[in-house]
Structure formats: structure tokens, C-alpha cells
Amino acid sequence: MMKMLTVDTNPIDCYLRIDRIPHIWCAGCGIGPATGCFIRAIDRAGLNPDKVSVVSGIGCSGRVAGYIKLDSFHTTHGRALPFATGLKLANPELNVVVFSGDGDIVAIGGNHLIHSARRNIDMTVICINNFNYGMTGGQVGPTTPLEARSATSPYGNFEYPFNLPYLVAASGATYVARWTVLHLRELERSIAEALAKPGFSFIEVLSPCPTVYGRQNKLPRGLDEMRSYQERSIIRDGADPKDVELSLNGPIVVGKFVDIERPTLWDCYQQMLGRASKPKKR
Amino acid sequence: MPKENVLCGEFFMNGDLACAEGAISAGCRFFAGYPITPATEVAERMSERLPQVGGVFMQMEDEIASMNAVLGASWGGVKAMTATSGPGFSLMMENLGLGVMLETPCVVVNVQRAGPSTGLPTLVAQGDMMQARWGAHGHYEIIALVPDSPQEMFDFTITAFNLSEKYRVPVLLMADEAVGHMSEKVVMQRISQKELVNRPRPKVAPEEYLPYDSKEGLVPPMAIAGEGYRFHVTGLTHDERGYPVMTAEAQDRLVRRLVDKIRLNAKDIIRYEEVNVDDAEVIVVSYGISARIARYAVQKARDQGIKAGLLRLITVWPFVEDRIRKLAPKVKAFVVPEINYGQIVREVERCAAGKAKARLVPHMGGGVHLPETILEAIREEAR
């Protein structure tokens with residue numbers, strides 16, 4: 001007789017708010033797999049989950065904070081990074097992770113992104129890039145490829161998108177990587193590396209959005225976009241970030257692009273404290 | 001932190017600096033801000049003082065970031081503050097609302113200047129009083145204090161922290177350029193730990209903790225990040241678990257509690273000062289720098305035999321409704337000098353409910369009232 005092996009719970013259930021499942025994400029969406037990678041990466045990096053805080057903004061990816069059973073903050077649109085900055089500086093022991101989307105982190109929150117990278121504050125940013133605003137129904141954004149269709153670019157996008165790794169590296173990030181949700185093992189390893197690394201770490205995660213982005217761009221099923229990632233992806237660790245820009249149908253360069261050492265904001269703050277004067281006695 | 005690093009004694013300093021020292025005395029150890037006239041001196045003082053007392057000063061990229069960093073720091077377990085003026089205050093509004101929704105203790109100082117827009121950056125006004133009340137979207141209650149001197153910039157900053165910790169709500173210190181920039185004697189008492197209020201903390205194990213449980217009262221105990229509670233908070237309408245619930249019923253329960261925790265405690269929160277109101281026929285209702293001039297005008301009126309009194313608002317929000325209602329039948333009129341074209345006068349008029357006249361004495365900003373202007377209004381209403 002065949003022996004049945006059953007388990008009551010998934011080993012990563014302890015990191016999830018199971019009472020909130022099912023989640024709101026569409027079938028074929030890449031945010032779920034990316035969230036799984038993040039959770040496994042916490043284990044892989046050997047972090048104490050009680051000391052990990054997740055901060056999200058608004059949007060589909062902004063809902064990640066609500067499903068993860070850690071101290072988690074669902075803030076306002078674009079403002080996860082400055083909220084996380086206050087949290088981290090109030091308690092530098094915390095491992096602070098910002099998990100949100102491209103519209104949130106790069107469009108409305110773009111100023112905070114470059115300034116957080118400039119400061120080299122010790123935190124990890126996981127930025128889901130699905131090339132559009134998913135939650136509001138698929139509008140154009142600063143990551144939408146030139147000529148891609150969206151609800152507000154019905155004749156094709158006429159604006160150049162950001163090359164996120166280039167932007168963030170130029171702003172001062174010490175760890176920059178890009179993966180797609182097809183590259184689950186690499187992504188998990190990369191997040192674990194970023195979590196353990198001091199300084200500002202940024203991981204762009206390309207993710208299918210079949211319901212709104214895919215449907216408008218001849219990739220109507222999640223699998224279509226995954227297949228396109230498979231066909232177009234080139235792993236090139238150490239690639240110069242300025243050479244990794246994305247286009248509608250061109251190659252997708254993935255890998256770890258930046259992994260350098262630079263004193264963090266907190267290191268510099270501690271140094272400054274040594275120079276602080278004593279209060280003047282009257 | 002060494003005690004001697006908190007200043008005590010008598011000083012001659014301006015209101016902005018006194019505000020910063022009040023914050024240090026109140027236990028504030030995080031400041032995030034952005035330079036703006038006439039509030040910059042608060043940030044400058046904090047950048048010098050916080051490193052001396054083991055705190056963190058951050059100059060952020062804008063006021064939106066400043067407000068958010070303050071909220072984040074509060075959830076990291078540190079008393080936190082920002083200071084700004086009109087344009088920055090406008091930028092903070094959305095996330096002031098987040099602070100209300102997450103029930104985050106913190107203090108926001110607005111050293112008011114004349115608007116709208118860039119207005120008169122270096123000159124006084126009291127034009128943000130209604131923005132303080134209603135500036136963020138949605139329905140909520142807030143606490144706002146108005147200092148009338150550098151001494152009160154020190155004292156009320158401490159009060160503001162205490163109220164924010166007690167009620168888990170952002171508290172606004174609605175100063176103005178005149179009070180922020182004038183230098184006077186400031187007596188800094190040693191503030192003992194007993195005088196400082198700290199937010200209610202969870203007494204249950206993490207498994208039993210509900211972030212917005214109101215069984216024990218309207219202000220739920222607050223866990224902070226990193227203690228093992230593994231809580232979730234969201235700006236979405238949420239239930240006692242902190243989980244989003246998109247229903248009218250959840251909205252009803254939450255908004256009622258957010259409002260009621262202030263409304264039903266108004267007696268504990270509201271502070272005001274009265275001068276000669278008992279037999280008064282005309283009462284001047286004023287606040288901040290305008291109240292100092294009003295006080296002089298009331299004295300002059302008394303000298304001329306007019307039964308005038310002063311009701312000085314220390315908290316403008318929540319409003320002193322009950323007191324105005326009680327006084328209205330006994331007086332001919334309330335005279336309301338304020339450096340705007342009529343904001344608090346609307347509240348006075350509403351509470352007077354036709355039983356007494358509410359007479360606005362406006363000033364568009366850029367200066368303060370002449371005592372004679374207020375005196376003339378008192379005289380006319382006393383006739």
C-alpha cells in the first residue's frame with residue numbers, strides 16, 4: 001500500500017496571516033511568488049522574524065504588508081520609504097523591508113527613493129515592477145515601456161521609462177539587483193543577500209499583470225508573460241546598470257548589478273555623534 | 001541620558017527655540033523636518049540638541065517625508081515631532097490623516113505665517129486654524145494647542161506630547177510667527193518622569209494582542225515594532241485586529257471611536273484662561289498672539305468702566321463649546337479678534353446660537369491688531 005505523506009500546514013504559514021487568505025491578487029499575478037521568495041529569504045538569511053518590519057505603500061504590491069505575519073505597516077501612497085526611515089532610525093536593531101510596487105516607489109514616491117538611496121539607509125526595498133498601475137485598472141506609469149498600451153496610453157506610451165537599477169545605483173544604493181518572478185531561486189537568494197547586507201538594497205522584481213497590463217499588450221494570460229520573460233531574460237551579474245534598460249519586447253537583463261561597501265546612514269550618524277558638542281551651561 | 005543635558009533654569013530665548021527645548025524636556029528623541037520660515041529655528045535647535053541627548057535629527061527631502069518619518073519613529077517606540085509653517089503644513093495633511101487613522105502619538109508644530117500659498121513667509125498670521133481642524137480628508141477629531149508666548153511654546157510642547165501619548169493622536173501646536181520669533185524670559189522647570197505621559201502599552205501576550213481592541217477603553221494599547229507582537233496596521237478602514245474591512249459597519253465603528261476618544265474626553269483635553277468674565281457684558285474670545293493684545297484692550301475697557309472680559313483659548317480643538325454656550329445668555333456679544341478673515345468666530349457664533357452676537361475683528365495677516373481696534377469693537381458691542 002502506498003504510504004501517504006500529509007502535512008497540515010505549509011512550512012511558511014507561520015509567516016503569513018492565514019486568516020486573511022484568500023488574498024486579493026489575480027490569477028497569474030507575480031506578487032504572490034515574490035512574497036513567497038521574501039518569506040523564505042528571511043529564513044535563509046537567518047533573521048529573527050520578531051525584528052523584521054515590513055512597510056508597504058498603496059497598490060497591489062502594497063497589500064503585501066497585510067498578508068505577512070510580522071510587524072507590518074500599510075501606509076499611504078508613495079510614502080513607505082520615509083515611514084520606514086523613521087522606523088529604522090527609532091530602532092536601528094530592526095531589519096526594515098519596504099515591499100511595494102513601481103507606481104508607489106518610483107512615481108509618487110520617486111523623490112523618497114533617490115533620497116533613501118543617497119543616504120544609504122540600511123533597509124531592503126523589494127520593488128515589484130508590473131509596468132503599470134494594476135490596482136486602478138492598468139494606467140501608464142514611469143516604468144511602462146515606450147509604445148506599450150495602457151488605460152491612459154491607448155495609442156501606445158509616448159514617454160521614456162526609468163531604468164530603475166541605473167537610477168538607484170546612481171543615487172547611491174550599495175546593492176542593486178533585478179529578477180523576474182520566473183527566477184524564483186535567484187530572487188530568493190538575492191533577497192536573503194540584500195537582507196543581510198548593511199546599507200540601501202534595491203531589488204526590482206518583474207512581475208506579470210495579466211489582468212490589466214498583459215491584456216492590453218498581447219499577453220492575456222500570466223503564462224504568456226512568464227514565457228516572454230523566459231525567452232527574453234539574460235542573466236548577467238555585474239552588468240553595468242546603465243546597460244540594463246527595458247523595452248517592450250527587447251532583452252531583459254537580470255542579475256546582481258551592484259554589491260559595494262559604503263558606510264550606512266547609521267554609521268555616519270554615529271560618527272557625527274562623536275563630534276557633537278556638550279550642551280552649553282548657562 | 002544624563003539629566004544635565006535637559007536644560008533647566010531661566011533663559012532669554014525665542015519661541016521656536018523654547019519649543020525645541022520643551023520637546024527635549026518632554027522626552028522627544030526624534031525630529032524630522034524641512035527648512036521653512038518661520039519654523040526653521042525649531043529644526044536648527046533640534047539638530048544641535050538631539051545628538052546631545054542621544055536622539056535622532058533628520059532633515060528630510062520634504063514635509064511629506066518628514067511627517068511620515070515622524071509616524072515611523074513613533075511606531076519604533078520613540079516620541080517624535082516635526083515643525084513647519086503653512087506650505088509645509090499643507091503637504092503634511094494626507095499623512096497627518098494616516099497618523100490619526102493608525103492612532104500614532106506625535107506632535108506637529110505649525111508656526112503660522114500669512115497665506116494663501118507663499119504669502120508673507122516672514123510675517124505673522126493665524127490663517128491655518130480651520131486647516132488644523134479639517135485639513136486631512138475624512139472625518140476625524142484632532143487636538144490643537146495655541147501658545148501665546150515663548151514660555152508657552154515650552155510648556156505647551158510638553159502638554160502636546162502628553163496629550164498625544166494619552167489619546168494616541170497627533171497633536172498640533174498652532175503657534176504663529178510672532179510667538180515663534182519673539183524673545184522673552186522662559187523658565188524651564190525640571191520635568192520629572194511622573195509628569196510625562198506614555199502611551200498605553202499592551203498587557204497581553206502577542207497571541208492575544210489586538211492592535212485596535214477597545215474593550216478596555218476608547219484608546220487601545222499600542223505595541224511597537226520589534227517586540228514580537230507581529231501586528232499589522234493600515235490606513236484602510238480596519239477592525240480590532242488591524243485588518244482591512246471594506247464595509248459601512250466597520251467604518252461606522254472605527255470612525256465613531258476615533259472621534260469619540262477625543263469628543264468624550266473633551267473635558268480632560270480642553271484648556272482655557274478667563275479674565276474678568278464673571279460680570280462681563282462683552283467677552284473677547286482670542287488665542288495666540290492676538291490674545292495678548294486682546295488682554296490689553298480688555299484692561300483698557302475696564303479702565304473706562306466697560307464690563308469686558310477675556311476668554312483665551314489654549315486648546316482651539318476640541319473647541320470650548322460648553323463654556324461659550326454657558327456664557328452666551330449672560331453677555332451682549334463675543335468679540336473675536338484673529339489674524340484671518342473669520343475662522344474661530346464661526347465656532348463662537350455656532351455655540352452662541354443666537355443668544356449673543358459674535359463679532360469678528362479680522363486682520364488679514366502680516367501684522368497684529370492694534371489694541372485700539374479691539375477696544376473700539378468692545379466699546380461698540382457694549383453700547
# chains A, B, ... in the order shown; residues from 1 in each chain; ligands from 1
call {"tool": "interface_residues", "arguments": {"of": "chain B", "to": "chain A", "cutoff": "8 Å", "atoms": "only C-alpha atoms", "output": "PyMOL selection string"}}
result
chain B and resi 5+30+48-49+51-52+56+61+64-66+68-78+95+98+225-235+243
call {"tool": "select_by_dssp", "arguments": {"residues": "stretch 281-351 of chain B", "states": "alpha helix (DSSP H)", "output": "VMD selection string"}}
result
chain B and resid 288 to 303 321 to 327 344 to 351
call {"tool": "write_last_selection", "arguments": {"atoms": "N, CA and C atoms", "output": "PDB file, in the first residue's frame"}}
result
ATOM      1  N   GLY B 288      -3.493  82.803  20.990  1.00  0.00           N
ATOM      2  CA  GLY B 288      -2.167  83.084  20.438  1.00  0.00           C
ATOM      3  C   GLY B 288      -1.768  84.530  20.633  1.00  0.00           C
ATOM      4  N   ILE B 289      -1.023  85.057  19.690  1.00  0.00           N
ATOM      5  CA  ILE B 289      -0.511  86.423  19.810  1.00  0.00           C
ATOM      6  C   ILE B 289      -1.657  87.430  19.938  1.00  0.00           C
ATOM      7  N   SER B 290      -2.785  87.153  19.259  1.00  0.00           N
ATOM      8  CA  SER B 290      -3.914  88.099  19.311  1.00  0.00           C
ATOM      9  C   SER B 290      -4.454  88.248  20.724  1.00  0.00           C
ATOM     10  N   ALA B 291      -4.363  87.172  21.508  1.00  0.00           N
ATOM     11  CA  ALA B 291      -4.897  87.208  22.870  1.00  0.00           C
ATOM     12  C   ALA B 291      -4.098  88.160  23.753  1.00  0.00           C
ATOM     13  N   ARG B 292      -2.818  88.340  23.424  1.00  0.00           N
ATOM     14  CA  ARG B 292      -2.008  89.259  24.239  1.00  0.00           C
ATOM     15  C   ARG B 292      -2.475  90.697  24.034  1.00  0.00           C
ATOM     16  N   ILE B 293      -2.853  90.998  22.814  1.00  0.00           N
ATOM     17  CA  ILE B 293      -3.344  92.347  22.531  1.00  0.00           C
ATOM     18  C   ILE B 293      -4.766  92.493  23.087  1.00  0.00           C
ATOM     19  N   ALA B 294      -5.533  91.444  22.968  1.00  0.00           N
ATOM     20  CA  ALA B 294      -6.903  91.455  23.488  1.00  0.00           C
ATOM     21  C   ALA B 294      -6.900  91.693  25.001  1.00  0.00           C
ATOM     22  N   ARG B 295      -5.927  91.079  25.678  1.00  0.00           N
ATOM     23  CA  ARG B 295      -5.843  91.232  27.135  1.00  0.00           C
ATOM     24  C   ARG B 295      -5.680  92.711  27.517  1.00  0.00           C
ATOM     25  N   TYR B 296      -4.830  93.379  26.738  1.00  0.00           N
ATOM     26  CA  TYR B 296      -4.583  94.804  26.981  1.00  0.00           C
ATOM     27  C   TYR B 296      -5.849  95.619  26.691  1.00  0.00           C
ATOM     28  N   ALA B 297      -6.510  95.281  25.603  1.00  0.00           N
ATOM     29  CA  ALA B 297      -7.735  96.006  25.221  1.00  0.00           C
ATOM     30  C   ALA B 297      -8.821  95.828  26.282  1.00  0.00           C
ATOM     31  N   VAL B 298      -8.947  94.626  26.822  1.00  0.00           N
ATOM     32  CA  VAL B 298      -9.946  94.343  27.864  1.00  0.00           C
ATOM     33  C   VAL B 298      -9.639  95.172  29.108  1.00  0.00           C
ATOM     34  N   GLN B 299      -8.361  95.261  29.451  1.00  0.00           N
ATOM     35  CA  GLN B 299      -7.957  96.061  30.610  1.00  0.00           C
ATOM     36  C   GLN B 299      -8.333  97.526  30.400  1.00  0.00           C
ATOM     37  N   LYS B 300      -8.048  98.018  29.180  1.00  0.00           N
ATOM     38  CA  LYS B 300      -8.375  99.417  28.844  1.00  0.00           C
ATOM     39  C   LYS B 300      -9.890  99.654  28.940  1.00  0.00           C
ATOM     40  N   ALA B 301     -10.648  98.685  28.475  1.00  0.00           N
ATOM     41  CA  ALA B 301     -12.113  98.806  28.516  1.00  0.00           C
ATOM     42  C   ALA B 301     -12.591  98.882  29.961  1.00  0.00           C
ATOM     43  N   ARG B 302     -12.023  98.018  30.806  1.00  0.00           N
ATOM     44  CA  ARG B 302     -12.375  98.041  32.233  1.00  0.00           C
ATOM     45  C   ARG B 302     -12.054  99.403  32.841  1.00  0.00           C
ATOM     46  N   ASP B 303     -10.868  99.942  32.446  1.00  0.00           N
ATOM     47  CA  ASP B 303     -10.467 101.255  32.955  1.00  0.00           C
ATOM     48  C   ASP B 303     -11.507 102.316  32.594  1.00  0.00           C
ATOM     49  N   GLU B 321     -16.873  74.445  23.392  1.00  0.00           N
ATOM     50  CA  GLU B 321     -18.306  74.602  23.122  1.00  0.00           C
ATOM     51  C   GLU B 321     -19.131  74.898  24.365  1.00  0.00           C
ATOM     52  N   ASP B 322     -18.944  74.054  25.396  1.00  0.00           N
ATOM     53  CA  ASP B 322     -19.799  74.153  26.581  1.00  0.00           C
ATOM     54  C   ASP B 322     -19.664  75.513  27.259  1.00  0.00           C
ATOM     55  N   ARG B 323     -18.420  75.998  27.337  1.00  0.00           N
ATOM     56  CA  ARG B 323     -18.184  77.266  28.023  1.00  0.00           C
ATOM     57  C   ARG B 323     -18.863  78.418  27.273  1.00  0.00           C
ATOM     58  N   ILE B 324     -18.721  78.430  25.956  1.00  0.00           N
ATOM     59  CA  ILE B 324     -19.349  79.504  25.159  1.00  0.00           C
ATOM     60  C   ILE B 324     -20.877  79.426  25.308  1.00  0.00           C
ATOM     61  N   ARG B 325     -21.418  78.199  25.268  1.00  0.00           N
ATOM     62  CA  ARG B 325     -22.877  78.023  25.413  1.00  0.00           C
ATOM     63  C   ARG B 325     -23.357  78.587  26.742  1.00  0.00           C
ATOM     64  N   LYS B 326     -22.566  78.328  27.786  1.00  0.00           N
ATOM     65  CA  LYS B 326     -22.946  78.775  29.119  1.00  0.00           C
ATOM     66  C   LYS B 326     -22.857  80.294  29.249  1.00  0.00           C
ATOM     67  N   LEU B 327     -21.855  80.876  28.610  1.00  0.00           N
ATOM     68  CA  LEU B 327     -21.655  82.324  28.725  1.00  0.00           C
ATOM     69  C   LEU B 327     -22.616  83.127  27.844  1.00  0.00           C
ATOM     70  N   ILE B 344     -12.250  81.117  13.724  1.00  0.00           N
ATOM     71  CA  ILE B 344     -12.745  80.692  15.034  1.00  0.00           C
ATOM     72  C   ILE B 344     -14.058  81.414  15.376  1.00  0.00           C
ATOM     73  N   VAL B 345     -14.252  82.612  14.802  1.00  0.00           N
ATOM     74  CA  VAL B 345     -15.502  83.337  15.048  1.00  0.00           C
ATOM     75  C   VAL B 345     -16.720  82.511  14.628  1.00  0.00           C
ATOM     76  N   ARG B 346     -16.537  81.664  13.605  1.00  0.00           N
ATOM     77  CA  ARG B 346     -17.650  80.801  13.166  1.00  0.00           C
ATOM     78  C   ARG B 346     -18.039  79.808  14.256  1.00  0.00           C
ATOM     79  N   GLU B 347     -17.036  79.300  14.948  1.00  0.00           N
ATOM     80  CA  GLU B 347     -17.297  78.366  16.043  1.00  0.00           C
ATOM     81  C   GLU B 347     -17.997  79.084  17.193  1.00  0.00           C
ATOM     82  N   VAL B 348     -17.521  80.297  17.472  1.00  0.00           N
ATOM     83  CA  VAL B 348     -18.117  81.076  18.551  1.00  0.00           C
ATOM     84  C   VAL B 348     -19.582  81.369  18.222  1.00  0.00           C
ATOM     85  N   GLU B 349     -19.824  81.763  16.977  1.00  0.00           N
ATOM     86  CA  GLU B 349     -21.177  82.075  16.529  1.00  0.00           C
ATOM     87  C   GLU B 349     -22.085  80.843  16.635  1.00  0.00           C
ATOM     88  N   ARG B 350     -21.538  79.699  16.226  1.00  0.00           N
ATOM     89  CA  ARG B 350     -22.310  78.445  16.280  1.00  0.00           C
ATOM     90  C   ARG B 350     -22.700  78.126  17.722  1.00  0.00           C
ATOM     91  N   CYS B 351     -21.741  78.271  18.643  1.00  0.00           N
ATOM     92  CA  CYS B 351     -22.013  77.898  20.028  1.00  0.00           C
ATOM     93  C   CYS B 351     -22.865  78.961  20.736  1.00  0.00           C
TER      94      CYS B 351
END
call {"tool": "residues_around", "arguments": {"residues": "A:Arg221", "least_positions_apart": "2", "cutoff": "12 Å", "atoms": "only C-alpha atoms", "output": "short mmCIF file (atom, residue, chain, number, x, y, z; two decimals) with C-alpha atoms, in the first residue's frame"}}
result
data_model
loop_
_atom_site.label_atom_id
_atom_site.label_comp_id
_atom_site.auth_asym_id
_atom_site.auth_seq_id
_atom_site.Cartn_x
_atom_site.Cartn_y
_atom_site.Cartn_z
CA CYS A 26 -5.43 38.00 -9.61
CA ALA A 27 -4.66 34.59 -11.05
CA GLY A 28 -1.33 34.79 -12.85
CA CYS A 29 -0.09 37.77 -10.81
CA GLY A 30 3.56 37.68 -9.78
CA PRO A 208 3.22 39.58 -14.75
CA CYS A 209 0.00 41.53 -14.51
CA PRO A 210 -2.20 39.57 -16.91
CA THR A 211 -5.47 41.19 -15.88
CA VAL A 212 -4.59 44.70 -16.91
CA TYR A 213 -1.06 45.07 -18.35
CA GLY A 214 -0.92 41.73 -20.15
CA ARG A 215 -4.42 42.00 -21.56
CA GLN A 216 -3.58 45.35 -23.14
CA ASN A 217 -0.26 44.15 -24.53
CA LYS A 218 -0.99 40.81 -26.22
CA LEU A 219 -0.02 38.79 -23.13
CA LEU A 223 1.79 32.25 -18.50
CA ASP A 224 2.25 34.38 -21.64
CA GLU A 225 4.22 36.99 -19.75
CA MET A 226 6.24 34.29 -17.94
CA ARG A 227 7.07 32.73 -21.31
CA SER A 228 8.14 36.11 -22.60
#
call {"tool": "select_by_dssp", "arguments": {"residues": "stretch 6-103 of chain B", "states": "strand (DSSP E)", "output": "count of residues only"}}
result
19
call {"tool": "closest_residue", "arguments": {"among": "B:Val245, B:Leu218, B:Leu258, B:Ile158", "to": "B:Ile191", "atoms": "only C-alpha atoms"}}
result
B:Ile158
call {"tool": "atom_distance", "arguments": {"atom1": "atom CA of B:Glu94", "atom2": "atom CA of B:Val171"}}
result
15.0 Å
call {"tool": "residues_around", "arguments": {"residues": "stretch 186-197 of chain A", "least_positions_apart": "6", "cutoff": "7 Å", "atoms": "only C-alpha atoms", "output": "MDAnalysis selection string"}}
result
chainID A and resid 37:38 40:42 44:45 124 175 179
call {"tool": "residues_around", "arguments": {"residues": "A:Ser247", "least_positions_apart": "5", "cutoff": "9 Å", "atoms": "only C-alpha atoms", "output": "list of chain:residue names"}}
result
A:Thr144, A:Pro145, A:Leu146, A:Glu147, A:Ala148, A:Pro161, A:Ile252
call {"tool": "residues_around", "arguments": {"residues": "B:Arg312", "least_positions_apart": "2", "cutoff": "8 Å", "atoms": "only C-alpha atoms", "output": "list in words"}}
result
Tyr272, Glu273, Glu274, Val284, Val285, Ser286, Tyr287, Ala291, Leu310 and Ile314 of chain B
call {"tool": "residues_around", "arguments": {"residues": "B:Gly99", "least_positions_apart": "3", "cutoff": "8 Å", "atoms": "only C-alpha atoms", "output": "VMD selection string"}}
result
chain B and resid 71 95 to 96 102 to 105 169 to 170
call {"tool": "closest_residue", "arguments": {"among": "B:Thr37, B:Ala382, B:Ser25, B:Pro116", "to": "B:Gly305", "atoms": "only C-alpha atoms"}}
result
B:Ala382
call {"tool": "decode", "arguments": {"residues": "stretch 260-277 of chain A", "atoms": "N, CA and C atoms", "output": "CSV table (one decimal), in the first residue's frame"}}
result
chain,number,residue,atom,x,y,z
A,260,ILE,N,28.4,46.8,-3.4
A,260,ILE,CA,29.6,47.5,-2.9
A,260,ILE,C,29.4,47.9,-1.5
A,261,GLU,N,30.5,48.3,-0.9
A,261,GLU,CA,30.5,48.7,0.5
A,261,GLU,C,30.6,50.2,0.6
A,262,ARG,N,29.8,50.8,1.5
A,262,ARG,CA,29.8,52.2,1.8
A,262,ARG,C,29.2,52.4,3.2
A,263,PRO,N,29.8,53.2,4.0
A,263,PRO,CA,29.2,53.4,5.4
A,263,PRO,C,27.7,53.7,5.3
A,264,THR,N,26.9,53.2,6.1
A,264,THR,CA,25.5,53.4,6.1
A,264,THR,C,25.2,54.7,6.8
A,265,LEU,N,23.9,55.2,6.6
A,265,LEU,CA,23.5,56.4,7.3
A,265,LEU,C,23.7,56.3,8.8
A,266,TRP,N,23.4,55.2,9.4
A,266,TRP,CA,23.6,55.0,10.8
A,266,TRP,C,25.1,55.1,11.2
A,267,ASP,N,26.0,54.5,10.4
A,267,ASP,CA,27.4,54.6,10.7
A,267,ASP,C,27.8,56.0,10.7
A,268,CYS,N,27.3,56.8,9.7
A,268,CYS,CA,27.7,58.2,9.6
A,268,CYS,C,27.1,59.0,10.8
A,269,TYR,N,25.9,58.6,11.2
A,269,TYR,CA,25.3,59.3,12.3
A,269,TYR,C,26.1,59.1,13.6
A,270,GLN,N,26.5,57.8,13.8
A,270,GLN,CA,27.3,57.5,15.0
A,270,GLN,C,28.6,58.3,15.0
A,271,GLN,N,29.2,58.4,13.8
A,271,GLN,CA,30.5,59.2,13.7
A,271,GLN,C,30.2,60.7,14.1
A,272,MET,N,29.1,61.2,13.6
A,272,MET,CA,28.7,62.6,13.9
A,272,MET,C,28.5,62.8,15.4
A,273,LEU,N,27.9,61.8,16.0
A,273,LEU,CA,27.7,61.9,17.5
A,273,LEU,C,29.0,62.1,18.2
A,274,GLY,N,30.0,61.6,17.7
A,274,GLY,CA,31.3,61.8,18.4
A,274,GLY,C,31.8,63.2,18.3
A,275,ARG,N,31.3,63.9,17.3
A,275,ARG,CA,31.7,65.3,17.1
A,275,ARG,C,30.7,66.3,17.8
A,276,ALA,N,29.6,65.7,18.4
A,276,ALA,CA,28.6,66.6,18.9
A,276,ALA,C,29.1,67.3,20.2
A,277,SER,N,28.8,68.6,20.3
A,277,SER,CA,29.3,69.4,21.5
A,277,SER,C,28.4,69.0,22.7
